[in-house]
>>> print(open('upload-v9.pdb').read())   # PDB, C-alpha atoms and all ligand atoms
ATOM      1  CA  MET A   1       5.879   2.775  -2.939
ATOM      2  CA  PRO A   2       5.225   1.220   0.456
ATOM      3  CA  ASN A   3       7.568  -1.218   2.092
ATOM      4  CA  GLN A   4       6.512  -4.434   3.744
ATOM      5  CA  PHE A   5       8.193  -6.372   6.492
ATOM      6  CA  GLU A   6       7.392  -9.942   7.464
ATOM      7  CA  CYS A   7       8.349 -11.093  10.932
ATOM      8  CA  SER A   8      10.681 -14.057  10.657
ATOM      9  CA  GLU A   9       9.422 -15.411  13.968
ATOM     10  CA  CYS A  10       5.691 -15.579  13.385
ATOM     11  CA  GLY A  11       4.914 -14.312   9.886
ATOM     12  CA  PHE A  12       3.288 -11.110  11.114
ATOM     13  CA  MET A  13       3.228  -8.580   8.281
ATOM     14  CA  VAL A  14       3.627  -4.833   8.571
ATOM     15  CA  ARG A  15       3.275  -2.431   5.662
ATOM     16  CA  SER A  16       3.774   1.305   5.521
ATOM     17  CA  GLU A  17       4.690   4.053   3.080
ATOM     18  CA  ASN A  18       6.570   5.796   5.849
ATOM     19  CA  ASP A  19       9.961   4.220   6.552
ATOM     20  CA  ASP A  20      10.236   5.558  10.082
ATOM     21  CA  GLU A  21       6.719   4.414  10.870
ATOM     22  CA  LEU A  22       7.400   0.943   9.509
ATOM     23  CA  ILE A  23      10.536   0.632  11.607
ATOM     24  CA  GLU A  24       8.561   1.711  14.667
ATOM     25  CA  PHE A  25       5.794  -0.818  13.967
ATOM     26  CA  VAL A  26       8.290  -3.646  13.546
ATOM     27  CA  GLN A  27      10.186  -2.703  16.686
ATOM     28  CA  GLN A  28       6.936  -2.531  18.612
ATOM     29  CA  HIS A  29       5.797  -5.923  17.334
ATOM     30  CA  ALA A  30       9.155  -7.553  18.044
ATOM     31  CA  ASP A  31       9.127  -6.161  21.564
ATOM     32  CA  ASP A  32       5.489  -6.986  22.319
ATOM     33  CA  ALA A  33       5.316 -10.410  20.712
ATOM     34  CA  HIS A  34       8.842 -11.711  21.072
ATOM     35  CA  GLN A  35      10.558  -9.512  23.650
ATOM     36  CA  MET A  36      13.129  -8.779  20.969
ATOM     37  CA  GLN A  37      15.068  -5.603  20.291
ATOM     38  CA  VAL A  38      15.387  -4.869  16.578
ATOM     39  CA  ALA A  39      17.775  -2.284  15.180
ATOM     40  CA  PRO A  40      16.475   0.052  12.460
ATOM     41  CA  ASP A  41      19.146  -1.304  10.117
ATOM     42  CA  ASP A  42      17.830  -4.834  10.655
ATOM     43  CA  VAL A  43      14.364  -3.675   9.612
ATOM     44  CA  ARG A  44      15.738  -1.919   6.534
ATOM     45  CA  ALA A  45      17.654  -5.047   5.573
ATOM     46  CA  GLY A  46      14.575  -7.218   5.827
ATOM     47  CA  TRP A  47      11.781  -5.246   4.195
ATOM     48  CA  GLU A  48      10.693  -5.324   0.590
ATOM     49  CA  SER A  49       8.886  -2.876  -1.655
ATOM     50  CA  VAL A  50       5.327  -3.734  -2.582
ATOM     51  CA  GLU A  51       3.107  -2.451  -5.364
ATOM     52  CA  MET A  52       0.428  -0.053  -4.218
ATOM     53  CA  GLY A  53      -3.000  -1.648  -4.508
ATOM     54  CA  ALA A  54      -1.639  -5.123  -5.060
ATOM     55  CA  SER A  55      -3.730  -6.830  -2.465
ATOM     56  CA  ASN A  56      -2.934 -10.373  -1.551
TER      57      ASN A  56
HETATM   58 ZN    ZN B   1       6.449 -11.839  15.110
END
>>> encode(input="upload-v9.pdb", output="structure tokens")
Amino acid sequence: MPNQFECSECGFMVRSENDDELIEFVQQHADDAHQMQVAPDDVRAGWESVEMGASN
């Protein structure tokens, strides 16, 4: 089941089935968009599982 992370700063949403990839995406976004450094644990604490195929 993929995990989804929503940026608390701007609402940007990242979704991935690969935990490491998701963390990398979030870190990249935070750095690019907000010049923020995000620890992997912070990403893990903030993401939520989403149903596969449940499009919004
Ligand atoms: Zn953002």
>>> closest_residue(input="upload-v9.pdb", among="A:Cys10, A:Val50, A:Met1, A:Val26", to="Val38 (chain A)", atoms="only C-alpha atoms")
A:Val26
>>> residues_near_ligand(input="upload-v9.pdb", ligand="ligand ZN 1 (chain B)", cutoff="8 Å", atoms="all atoms listed in the file", output="ChimeraX atom specification")
/A:6-12,29-30,33-34
>>> closest_residue(input="upload-v9.pdb", among="A:Gln37, A:Met52, A:Asp31, A:Val43", to="Glu17 (chain A)", atoms="all atoms listed in the file")
A:Met52
>>> atom_distance(input="upload-v9.pdb", atom1="CA of Gln35 (chain A)", atom2="CA of Ser16 (chain A)")
22.2 Å
>>> residues_around(input="upload-v9.pdb", residues="Pro2 (chain A)", least_positions_apart="3", cutoff="12 Å", atoms="all atoms listed in the file", output="list in words")
Phe5, Val14, Arg15, Ser16, Glu17, Asn18, Asp19, Asp20, Glu21, Leu22, Trp47, Glu48, Ser49, Val50, Glu51, Met52, Gly53 and Ala54 of chain A
>>> write_last_selection(input="upload-v9.pdb", atoms="C-alpha atoms", output="PDB file, in the frame of the given file")
ATOM      1  CA  PHE A   5       8.193  -6.372   6.492  1.00  0.00           C
ATOM      2  CA  VAL A  14       3.627  -4.833   8.571  1.00  0.00           C
ATOM      3  CA  ARG A  15       3.275  -2.431   5.662  1.00  0.00           C
ATOM      4  CA  SER A  16       3.774   1.305   5.521  1.00  0.00           C
ATOM      5  CA  GLU A  17       4.690   4.053   3.080  1.00  0.00           C
ATOM      6  CA  ASN A  18       6.570   5.796   5.849  1.00  0.00           C
ATOM      7  CA  ASP A  19       9.961   4.220   6.552  1.00  0.00           C
ATOM      8  CA  ASP A  20      10.236   5.558  10.082  1.00  0.00           C
ATOM      9  CA  GLU A  21       6.719   4.414  10.870  1.00  0.00           C
ATOM     10  CA  LEU A  22       7.400   0.943   9.509  1.00  0.00           C
ATOM     11  CA  TRP A  47      11.781  -5.246   4.195  1.00  0.00           C
ATOM     12  CA  GLU A  48      10.693  -5.324   0.590  1.00  0.00           C
ATOM     13  CA  SER A  49       8.886  -2.876  -1.655  1.00  0.00           C
ATOM     14  CA  VAL A  50       5.327  -3.734  -2.582  1.00  0.00           C
ATOM     15  CA  GLU A  51       3.107  -2.451  -5.364  1.00  0.00           C
ATOM     16  CA  MET A  52       0.428  -0.053  -4.218  1.00  0.00           C
ATOM     17  CA  GLY A  53      -3.000  -1.648  -4.508  1.00  0.00           C
ATOM     18  CA  ALA A  54      -1.639  -5.123  -5.060  1.00  0.00           C
TER      19      ALA A  54
END
>>> residues_around(input="upload-v9.pdb", residues="Ala39 (chain A)", least_positions_apart="3", cutoff="9 Å", atoms="all atoms listed in the file", output="PyMOL selection string")
chain A and resi 23+27+42-44
>>> axis_aligned_box(input="upload-v9.pdb", around="region 46-50 of chain A", padding_each_side="3 Å", output="JSON")
{"center_x": 10.0, "center_y": -5.0, "center_z": 1.6, "size_x": 15.2, "size_y": 10.3, "size_z": 14.4}
